[in-house]
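Beneath this line is the structure, given in structure tokens, with notes to follow.
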Amino acid sequence: MYHDGKLGAILLFLPPSLLLFSLFVVMPIFNAAELSLYKWSGFGEVTDFVGLKNYANLLSHSVFHQSMWNSVKIILASILLQIPLALGLALLIYRKTPTNTLFRLVFLAPYILAEIASGLIWSFIFDGDYGVSAQIASALSIDPFYILADKRFAFLAIITVIVWKYFGFHMMIFIAALQSVPTELIEAAELDGASPRQVVTYVKLPLIAHALKLSVFFAIIGSLQVFDVIIPLTNGGPSNSTHSIVSYLYTFGLTRLNVGYGSAVGVVLFVFCIFTALTYKRIVIREGKTT
């Protein structure tokens with residue numbers, strides 16, 4: 001069944017991979033599921049069994065509901081804003097020229113920055129006393145406004161930073177895919193009288209559909225993991241209105257020494273990730289059958 005050394009490669013590389021996956025992914029999941037049934041601070045013996053009380057408290061907590069909704073909004077913003085922006089820029093600069101290389105470097109730079117550094121940079125930009133927003137308010141002779149302290153605009157600021165931070169990553173995926181499109185097909189379409197928009201719609205996009213699906217998948221997974229950007233920007237405020245599900249787990253579970261409650265949040269997040277992945281897979285498979 002296996003030829004050309006494939007069986008040997010499987011026997012050599014699969015066991016270590018399965019061992020590492022079991023130790024660092026599977027076992028922690030089961031451990032979190034067990035701890036979610038206890039009230040435990042992280043110190044001492046795990047003895048205070050509370051059953052499903054952590055889950056009941058979690059599902060009745062309004063901040064948790066807001067955090068879940070915020071994570072969904074991040075997913076929607078990543079798919080509806082971030083990916084179209086990345087695709088549009090990729091279509092403009094995917095050809096290999098010195099100028100396009102410079103633009104790629106500029107657009108990719110935010111992704112290279114650490115999340116904490118990005119959050120700190122934008123927290124200064126949004127600062128109403130010393131940041132760029134303060135300078136704008138001063139130039140317009142209006143009262144300073146504090147974007148990150150206003151519930152109406154704080155989460156919108158987070159969305160802005162996330163789109164700015166990660167669009168370059170998706171742009172590079174699209175550039176790599178566009179560079180693999182045969183130039184003969186593009187030239188043939190242009191000779192047949194296709195407009196630039198028609199070339200993009202009927203030639204380029206269908207041929208990079210695999211990259212689009214991969215980018216959407218990465219956007220969803222990344223949106224569910226957003227944490228390092230939120231903490232330096234708002235730390236979940238004002239009034240716990242800008243938490244993601246991960247920052248909620250950190251704030252209400254770990255920092256308050258309520259490991260059992262935090263484990264319950266982790267289990268719910270894991271189930272939500274599995275549900276999202278299966279839903280996305282079903283949509284992709286259905287789309288593939290229809291096309």
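In the structure tokens, the first chain shown is A, the next is B, and so on; residue numbers restart at 1 for each chain, and ligands run from 1 in the order shown.
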Show me a table, sorted first by chain and then by increasing residue number, of the residues of stretch 14-96 of chain A having an atom at most 9 Å from stretch 101-115 of chain A, each with its shortest atom pair and the distance in Å to one decimal, counting only C-alpha atoms and written as JSON lines.
{"residue": "A:Ala90", "atom": "CA", "partner": "A:Arg104", "partner_atom": "CA", "distance": 8.7}
{"residue": "A:Ile93", "atom": "CA", "partner": "A:Phe103", "partner_atom": "CA", "distance": 7.4}
{"residue": "A:Tyr94", "atom": "CA", "partner": "A:Arg104", "partner_atom": "CA", "distance": 8.6}
{"residue": "A:Arg95", "atom": "CA", "partner": "A:Thr101", "partner_atom": "CA", "distance": 8.8}
{"residue": "A:Lys96", "atom": "CA", "partner": "A:Thr101", "partner_atom": "CA", "distance": 7.0}
Residues of stretch 77-190 of chain A within 8 Å of stretch 233-255 of chain A: nearest atom pair and distance (Å, one decimal) for each, counting only C-alpha atoms, sorted by chain and number, as JSON lines?
{"residue": "A:Gly119", "atom": "CA", "partner": "A:Leu233", "partner_atom": "CA", "distance": 5.4}
{"residue": "A:Leu120", "atom": "CA", "partner": "A:Leu233", "partner_atom": "CA", "distance": 6.7}
{"residue": "A:Trp122", "atom": "CA", "partner": "A:Leu233", "partner_atom": "CA", "distance": 7.2}
{"residue": "A:Ser123", "atom": "CA", "partner": "A:Leu233", "partner_atom": "CA", "distance": 5.2}
{"residue": "A:Leu148", "atom": "CA", "partner": "A:Thr234", "partner_atom": "CA", "distance": 6.2}
{"residue": "A:Ala149", "atom": "CA", "partner": "A:Pro238", "partner_atom": "CA", "distance": 5.7}
{"residue": "A:Asp150", "atom": "CA", "partner": "A:Pro238", "partner_atom": "CA", "distance": 6.8}
{"residue": "A:Lys151", "atom": "CA", "partner": "A:Pro238", "partner_atom": "CA", "distance": 6.1}
{"residue": "A:Ala154", "atom": "CA", "partner": "A:Thr242", "partner_atom": "CA", "distance": 7.1}
{"residue": "A:Phe155", "atom": "CA", "partner": "A:Thr242", "partner_atom": "CA", "distance": 5.5}
{"residue": "A:Ile158", "atom": "CA", "partner": "A:Leu233", "partner_atom": "CA", "distance": 7.5}
Can you pull out every residue within 9 Å of A:Glu34, counting only C-alpha atoms, but drop anything in the same chain fewer than 5 positions away, and send it as a list in words?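 The filter keeps Ile29, Gly260 and Ser263 of chain A.
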Next, dump the selected residues to file, keeping only C-alpha atoms, as an mmCIF file, in the first residue's frame.
data_model
loop_
_atom_site.group_PDB
_atom_site.id
_atom_site.type_symbol
_atom_site.label_atom_id
_atom_site.label_comp_id
_atom_site.auth_asym_id
_atom_site.auth_seq_id
_atom_site.Cartn_x
_atom_site.Cartn_y
_atom_site.Cartn_z
ATOM 1 C CA ILE A 29 -8.712 19.584 27.025
ATOM 2 C CA GLY A 260 -12.599 25.975 37.642
ATOM 3 C CA SER A 263 -11.804 25.905 32.645
#
Counting only C-alpha atoms, which residue out of A:Leu89, A:Cys273, A:Ala117, A:Val163 sits closest to A:Ile221?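 Selected residue with least distance to A:Ile221: A:Cys273.
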May I have a table of the residues of stretch 202-280 of chain A lying at most 10 Å from stretch 182-189 of chain A, giving each one's closest pair of atoms and their distance in Å to one decimal, counting only C-alpha atoms, ordered by chain and ascending residue number, as CSV?
residue,atom,partner,partner_atom,distance
A:Tyr202,CA,A:Ala189,CA,9.1
A:Val203,CA,A:Ile186,CA,6.9
A:Lys204,CA,A:Ile186,CA,7.9
A:Leu207,CA,A:Pro182,CA,9.4
Atom-to-atom span, atom CA of A:Ile162 and atom CA of A:Phe270, Å: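 Atom-to-atom, atom CA of A:Ile162 and atom CA of A:Phe270 are spaced 21.9 Å apart.
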Tell me, in Å to one decimal, how far atom CA of A:Lys53 is from atom CA of A:Val25.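 So the two atoms, atom CA of A:Lys53 and atom CA of A:Val25, lie 25.0 Å apart.
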Please, which residues of stretch 19-161 of chain A, numbered as in this document, come out helix (DSSP H, G or I) from DSSP, as a ChimeraX atom specification? /A:19-35,53-59,62-93,98-112,115-125,132-139,147-149,154-161
Please provide the set of residues having any atom within 10 Å of A:Thr47, restricted to only C-alpha atoms, with same-chain residues fewer than 5 positions apart removed, written as a ChimeraX atom specification. /A:38-40
Go ahead and save the picked residues with C-alpha atoms, as an mmCIF file, in the first residue's frame.
data_model
loop_
_atom_site.group_PDB
_atom_site.id
_atom_site.type_symbol
_atom_site.label_atom_id
_atom_site.label_comp_id
_atom_site.auth_asym_id
_atom_site.auth_seq_id
_atom_site.Cartn_x
_atom_site.Cartn_y
_atom_site.Cartn_z
ATOM 1 C CA TYR A 38 -14.814 21.997 40.589
ATOM 2 C CA LYS A 39 -14.375 25.273 42.408
ATOM 3 C CA TRP A 40 -10.596 25.611 42.543
#
Measuring atom to atom with only C-alpha atoms, identify which of A:Phe21, A:Tyr261, A:Phe227, A:Trp164 is nearest to A:Ser67. A:Phe227
So what do you get for atom CA of A:Ile142 versus atom CA of A:Asp127, distance-wise?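 Straight-line distance from atom CA of A:Ile142 to atom CA of A:Asp127 works out to 14.9 Å.
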Nearest to A:Phe217: which of A:Gln135, A:Ile79, A:Arg256, A:Ile230 is it, counting only C-alpha atoms?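 Counting only C-alpha atoms, the residue closest to A:Phe217 is A:Ile79.
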